[in-house]
Amino acid sequence: MISLLVKETLYINEVILGTAFGVLIGPYGFNAFDPRSWGTQQDEITREVMRLILVSGLFAAGIELPRAYMKEHAKGLLIMVVPTMAFGWFVVAVILCVLFPQLHQSSALCIAACLTPTDPITCVAITRGKFAEKHVPEPIRDILTAEAAANDGLAYPFLGISMYLLVDTVGVAIGKGFVIGWLYEVLFGSFLGSIIGLLFSKLMKLSHGKDFVDRESYIAQYLALAILTTGITSSLGADDLLASFAAGNLDEKAWRRANSLDIPGCAVAWDGHFKEQTQTEGDTFASVIDCILNCCCFIYIGAWLPFSSYNSAELGITPWRLVVLMIGILLFRRIPPLLLLYRFVPEISSWKEALFSGHFGPMGVSAVFVSTMARTRLPLPAGSPENQQQMLAATIEPIVSFVVLGSIIVHGLSIPFFNVGKVFARSVSITSLSNRGVDDLEASGKTKGSSNGGLVVLDNSGVWPPPVTTSRERAATCRDPADGGMTVSVGRTKVDNVSKFS
C-alpha cells in the first residue's frame, strides 16, 4: 500500500525491508518463523532456497542487459571480474587470518571465497529505480549488473581450491581446482547454459511464428527455463549459476519478443487497469515474480541470522572482531583494485565512478548460498572443534552471516543517506551563498532598513531595481512571482517587496 512511497521517495528497497521483517518475525523477535528449527536438513534447505533465488535473478540479469552486451563489453567486464575478484579473495583472507588466528590459511581462503562475489540480487535492487536512473550513468548500472552476475558463478572454483587445500597439498589442490573448478564447472557450465538458452530461443521463436503460444505462457518460461537450466547443470556437477546467466543472456532476444506481443490479459485484467499499468510502466509478470521471490528470500535471511553466535569465546568470535572485519572488507575488498584499474575499463570514465563501483559490491544471497554449500561438505562438530575442518564448519556461518547483515545495512541504506546528504549540502550551499550575497549588497550601499524591520534593495540613487552586478548578489535577489517585485532571500532575514520592474 505504501511501496511507491518507500521505494521511490525514501529509496528503501525490499532488501532492507525484507531483512528487517525477517528479524522481527524470527526467533529473536516474535518467533513466528524459525528456519533453524527444521532439524539436520536446515543447511540443505537454506542452500536450495538461495539457489532458486539466485538462478532466477541471474537469468533475469541476463535478459535485462542490452543485446550482445557480453560480447561488446568483454574487455571491461574481464577487468572488473578476474583481477578484482582475485584481489578481494586474497585481501579478505589476510584480514581473516589477522583477526581470527585460530583459522588456518586454507580456512580463511574458504570463508573469503564466500565473501568475494558481488551479490546480483542486492546489486540489482540497488542499481534500479528512480534514484539510480537519475544519478547513476547507464553504463555503470549495466557493468555492475553484468559483473555481479558473472563473478557469482566464479565463486565455485575459489571455494573448490580452498576446500582442496584442507585435505591435499598445494600442487594437488591447484590442479584439481583448475581442472574441476575452471574447466568443468565454469567453462562447461557456461557452455551448457548457452546451448540450453539458444535451443529454447529457437523453439519459442517457432512456437510464436505458428501462434502456438500466448503472452502469458511465453512470460511463464522466465522461471521455468531458469529452474530447468539449474536442474540439468547441477545434476551434472557444473556451475548452475553461470549456466543460468548464460541461458538468460542468450535468450534475451526471444524474451524481448515476448514483451512486444499484443495479447489480451488474463482474468486479473478484466477491468483494463492492470494491463494499462503494466504496459505503461514497462513492467511484466516476470518482474512481479522477481520482486516476490526477493522479498521472501530476505525475509528468510533475516529469520536465519544467528545473532547468538556473534559472541563465542570458544571459537574466537567477538563483536569487535566482526565489526573490524566488516570495515576492512568495505574498504579493501574492491575499492583499491578498481581505483588502480578503472582506466582499462571503458565503461568507467573517472575515479569517482570507480569509487562508486568499488563501494557497491554488496554481499547477500550469494554469500549465504556459498557458505551453506561449504558447510554441507564439512564435518560438523558435536561439541568443541577437534580439527581445522570442524573449526571451519563452526565459524563460517557466524562470520559470513554477520558480514551479510552489515552489507545489507550499509549498501541498502547508502542511497537514502546519499540522498539526504545531497539535499542537506544543497540547502547549506544556497543559504551560505544568499547570506554572502546580501552582505555584498549591504557593503555596496544597495540596501536599507524598512519600517517593519525588513530589508529593501536600492541602487545608489535610491531607484528600484538596483544594478545587481556580482553572482553572489544575483543569488541573494529574485523576482517575486506574485507582483513582479524584488525579494531578498537571506534565511532568517525578513524581506520587503517594494516595487516592480518597469
# chains A, B, ... in the order shown; residues from 1 in each chain; ligands from 1
>>> residues_around(residues="range 225-230 of chain A", least_positions_apart="5", cutoff="8 Å", atoms="only C-alpha atoms", output="list in words")
Leu52, Val55, Ser56, Phe59, Gly193, Ile196, Asp240, Leu241, Ala243, Ser244, Ala247 and Gly248 of chain A
>>> residues_around(residues="range 373-383 of chain A", least_positions_apart="4", cutoff="7 Å", atoms="only C-alpha atoms", output="ChimeraX atom specification")
/A:43,47,369,389-390,393-394
>>> write_last_selection(atoms="N, CA and C atoms", output="tab-separated table (two decimals), in the first residue's frame")
chain	number	residue	atom	x	y	z
A	43	ASP	N	20.58	-26.79	6.67
A	43	ASP	CA	21.58	-26.26	5.74
A	43	ASP	C	21.21	-26.56	4.29
A	47	ARG	N	20.38	-23.79	1.47
A	47	ARG	CA	21.15	-23.78	0.22
A	47	ARG	C	20.23	-23.79	-1.00
A	369	PHE	N	24.52	-18.62	0.11
A	369	PHE	CA	24.49	-19.85	-0.69
A	369	PHE	C	25.83	-20.57	-0.66
A	389	GLN	N	38.91	-28.67	9.93
A	389	GLN	CA	37.68	-28.78	9.16
A	389	GLN	C	36.45	-28.50	10.03
A	390	GLN	N	36.45	-29.01	11.24
A	390	GLN	CA	35.34	-28.74	12.15
A	390	GLN	C	35.34	-27.29	12.61
A	393	ALA	N	33.79	-25.39	9.81
A	393	ALA	CA	32.34	-25.63	9.77
A	393	ALA	C	31.62	-24.84	10.86
A	394	ALA	N	32.28	-24.63	12.01
A	394	ALA	CA	31.64	-23.92	13.12
A	394	ALA	C	31.70	-22.40	12.97
>>> atom_distance(atom1="CA of Thr118 in chain A", atom2="CA of Asp152 in chain A")
6.3 Å
>>> closest_residue(among="A:Leu24, A:Val410, A:Ala246, A:Ile161", to="Leu330 in chain A", atoms="only C-alpha atoms")
A:Val410
>>> residues_around(residues="Val345 in chain A", least_positions_apart="6", cutoff="9 Å", atoms="only C-alpha atoms", output="list of chain:residue names")
A:Lys75, A:Gly76, A:Leu77, A:Leu78, A:Ile79, A:Met80
>>> atom_distance(atom1="CA of Ile329 in chain A", atom2="CA of Cys295 in chain A")
25.7 Å
>>> decode(residues="range 192-217 of chain A", atoms="N, CA and C atoms", output="PDB file, in the first residue's frame")
ATOM      1  N   LEU A 192      27.059 -25.131 -21.460  1.00  0.00           N
ATOM      2  CA  LEU A 192      25.789 -25.849 -21.388  1.00  0.00           C
ATOM      3  C   LEU A 192      24.618 -24.885 -21.245  1.00  0.00           C
ATOM      4  N   GLY A 193      24.760 -23.866 -20.415  1.00  0.00           N
ATOM      5  CA  GLY A 193      23.701 -22.873 -20.276  1.00  0.00           C
ATOM      6  C   GLY A 193      23.440 -22.124 -21.571  1.00  0.00           C
ATOM      7  N   SER A 194      24.504 -21.806 -22.303  1.00  0.00           N
ATOM      8  CA  SER A 194      24.339 -21.124 -23.584  1.00  0.00           C
ATOM      9  C   SER A 194      23.576 -21.984 -24.575  1.00  0.00           C
ATOM     10  N   ILE A 195      23.893 -23.273 -24.622  1.00  0.00           N
ATOM     11  CA  ILE A 195      23.204 -24.186 -25.537  1.00  0.00           C
ATOM     12  C   ILE A 195      21.718 -24.290 -25.171  1.00  0.00           C
ATOM     13  N   ILE A 196      21.427 -24.412 -23.875  1.00  0.00           N
ATOM     14  CA  ILE A 196      20.026 -24.502 -23.441  1.00  0.00           C
ATOM     15  C   ILE A 196      19.266 -23.232 -23.812  1.00  0.00           C
ATOM     16  N   GLY A 197      19.870 -22.071 -23.554  1.00  0.00           N
ATOM     17  CA  GLY A 197      19.213 -20.810 -23.901  1.00  0.00           C
ATOM     18  C   GLY A 197      19.006 -20.652 -25.396  1.00  0.00           C
ATOM     19  N   LEU A 198      20.001 -21.077 -26.197  1.00  0.00           N
ATOM     20  CA  LEU A 198      19.886 -20.956 -27.646  1.00  0.00           C
ATOM     21  C   LEU A 198      18.787 -21.865 -28.186  1.00  0.00           C
ATOM     22  N   LEU A 199      18.757 -23.119 -27.725  1.00  0.00           N
ATOM     23  CA  LEU A 199      17.724 -24.045 -28.170  1.00  0.00           C
ATOM     24  C   LEU A 199      16.333 -23.556 -27.772  1.00  0.00           C
ATOM     25  N   PHE A 200      16.230 -23.048 -26.541  1.00  0.00           N
ATOM     26  CA  PHE A 200      14.944 -22.532 -26.076  1.00  0.00           C
ATOM     27  C   PHE A 200      14.488 -21.352 -26.932  1.00  0.00           C
ATOM     28  N   SER A 201      15.430 -20.485 -27.285  1.00  0.00           N
ATOM     29  CA  SER A 201      15.096 -19.329 -28.116  1.00  0.00           C
ATOM     30  C   SER A 201      14.556 -19.771 -29.466  1.00  0.00           C
ATOM     31  N   LYS A 202      15.172 -20.769 -30.072  1.00  0.00           N
ATOM     32  CA  LYS A 202      14.713 -21.261 -31.374  1.00  0.00           C
ATOM     33  C   LYS A 202      13.322 -21.886 -31.252  1.00  0.00           C
ATOM     34  N   LEU A 203      13.115 -22.689 -30.203  1.00  0.00           N
ATOM     35  CA  LEU A 203      11.817 -23.340 -30.033  1.00  0.00           C
ATOM     36  C   LEU A 203      10.701 -22.331 -29.807  1.00  0.00           C
ATOM     37  N   MET A 204      10.971 -21.308 -28.983  1.00  0.00           N
ATOM     38  CA  MET A 204       9.946 -20.309 -28.712  1.00  0.00           C
ATOM     39  C   MET A 204       9.672 -19.438 -29.935  1.00  0.00           C
ATOM     40  N   LYS A 205      10.710 -19.202 -30.730  1.00  0.00           N
ATOM     41  CA  LYS A 205      10.505 -18.445 -31.968  1.00  0.00           C
ATOM     42  C   LYS A 205       9.601 -19.231 -32.919  1.00  0.00           C
ATOM     43  N   LEU A 206       9.834 -20.543 -33.014  1.00  0.00           N
ATOM     44  CA  LEU A 206       8.996 -21.384 -33.857  1.00  0.00           C
ATOM     45  C   LEU A 206       7.553 -21.414 -33.355  1.00  0.00           C
ATOM     46  N   SER A 207       7.361 -21.565 -32.049  1.00  0.00           N
ATOM     47  CA  SER A 207       6.017 -21.598 -31.473  1.00  0.00           C
ATOM     48  C   SER A 207       5.290 -20.284 -31.696  1.00  0.00           C
ATOM     49  N   HIS A 208       6.012 -19.179 -31.523  1.00  0.00           N
ATOM     50  CA  HIS A 208       5.384 -17.877 -31.723  1.00  0.00           C
ATOM     51  C   HIS A 208       5.002 -17.667 -33.173  1.00  0.00           C
ATOM     52  N   GLY A 209       5.868 -18.097 -34.093  1.00  0.00           N
ATOM     53  CA  GLY A 209       5.580 -17.937 -35.501  1.00  0.00           C
ATOM     54  C   GLY A 209       4.345 -18.705 -35.954  1.00  0.00           C
ATOM     55  N   LYS A 210       4.065 -19.819 -35.315  1.00  0.00           N
ATOM     56  CA  LYS A 210       2.911 -20.633 -35.671  1.00  0.00           C
ATOM     57  C   LYS A 210       1.714 -20.374 -34.750  1.00  0.00           C
ATOM     58  N   ASP A 211       1.811 -19.340 -33.899  1.00  0.00           N
ATOM     59  CA  ASP A 211       0.731 -18.971 -32.974  1.00  0.00           C
ATOM     60  C   ASP A 211       0.367 -20.132 -32.036  1.00  0.00           C
ATOM     61  N   PHE A 212       1.406 -20.833 -31.551  1.00  0.00           N
ATOM     62  CA  PHE A 212       1.175 -21.927 -30.611  1.00  0.00           C
ATOM     63  C   PHE A 212       1.237 -21.451 -29.155  1.00  0.00           C
ATOM     64  N   VAL A 213       1.660 -20.204 -28.900  1.00  0.00           N
ATOM     65  CA  VAL A 213       1.902 -19.745 -27.540  1.00  0.00           C
ATOM     66  C   VAL A 213       1.360 -18.332 -27.394  1.00  0.00           C
ATOM     67  N   ASP A 214       0.790 -18.037 -26.217  1.00  0.00           N
ATOM     68  CA  ASP A 214       0.330 -16.684 -25.937  1.00  0.00           C
ATOM     69  C   ASP A 214       1.328 -15.984 -25.023  1.00  0.00           C
ATOM     70  N   ARG A 215       1.033 -14.726 -24.728  1.00  0.00           N
ATOM     71  CA  ARG A 215       1.985 -13.913 -23.954  1.00  0.00           C
ATOM     72  C   ARG A 215       2.191 -14.449 -22.540  1.00  0.00           C
ATOM     73  N   GLU A 216       1.095 -14.895 -21.914  1.00  0.00           N
ATOM     74  CA  GLU A 216       1.207 -15.384 -20.537  1.00  0.00           C
ATOM     75  C   GLU A 216       2.114 -16.606 -20.464  1.00  0.00           C
ATOM     76  N   SER A 217       1.906 -17.546 -21.392  1.00  0.00           N
ATOM     77  CA  SER A 217       2.740 -18.745 -21.408  1.00  0.00           C
ATOM     78  C   SER A 217       4.180 -18.406 -21.756  1.00  0.00           C
TER      79      SER A 217
END
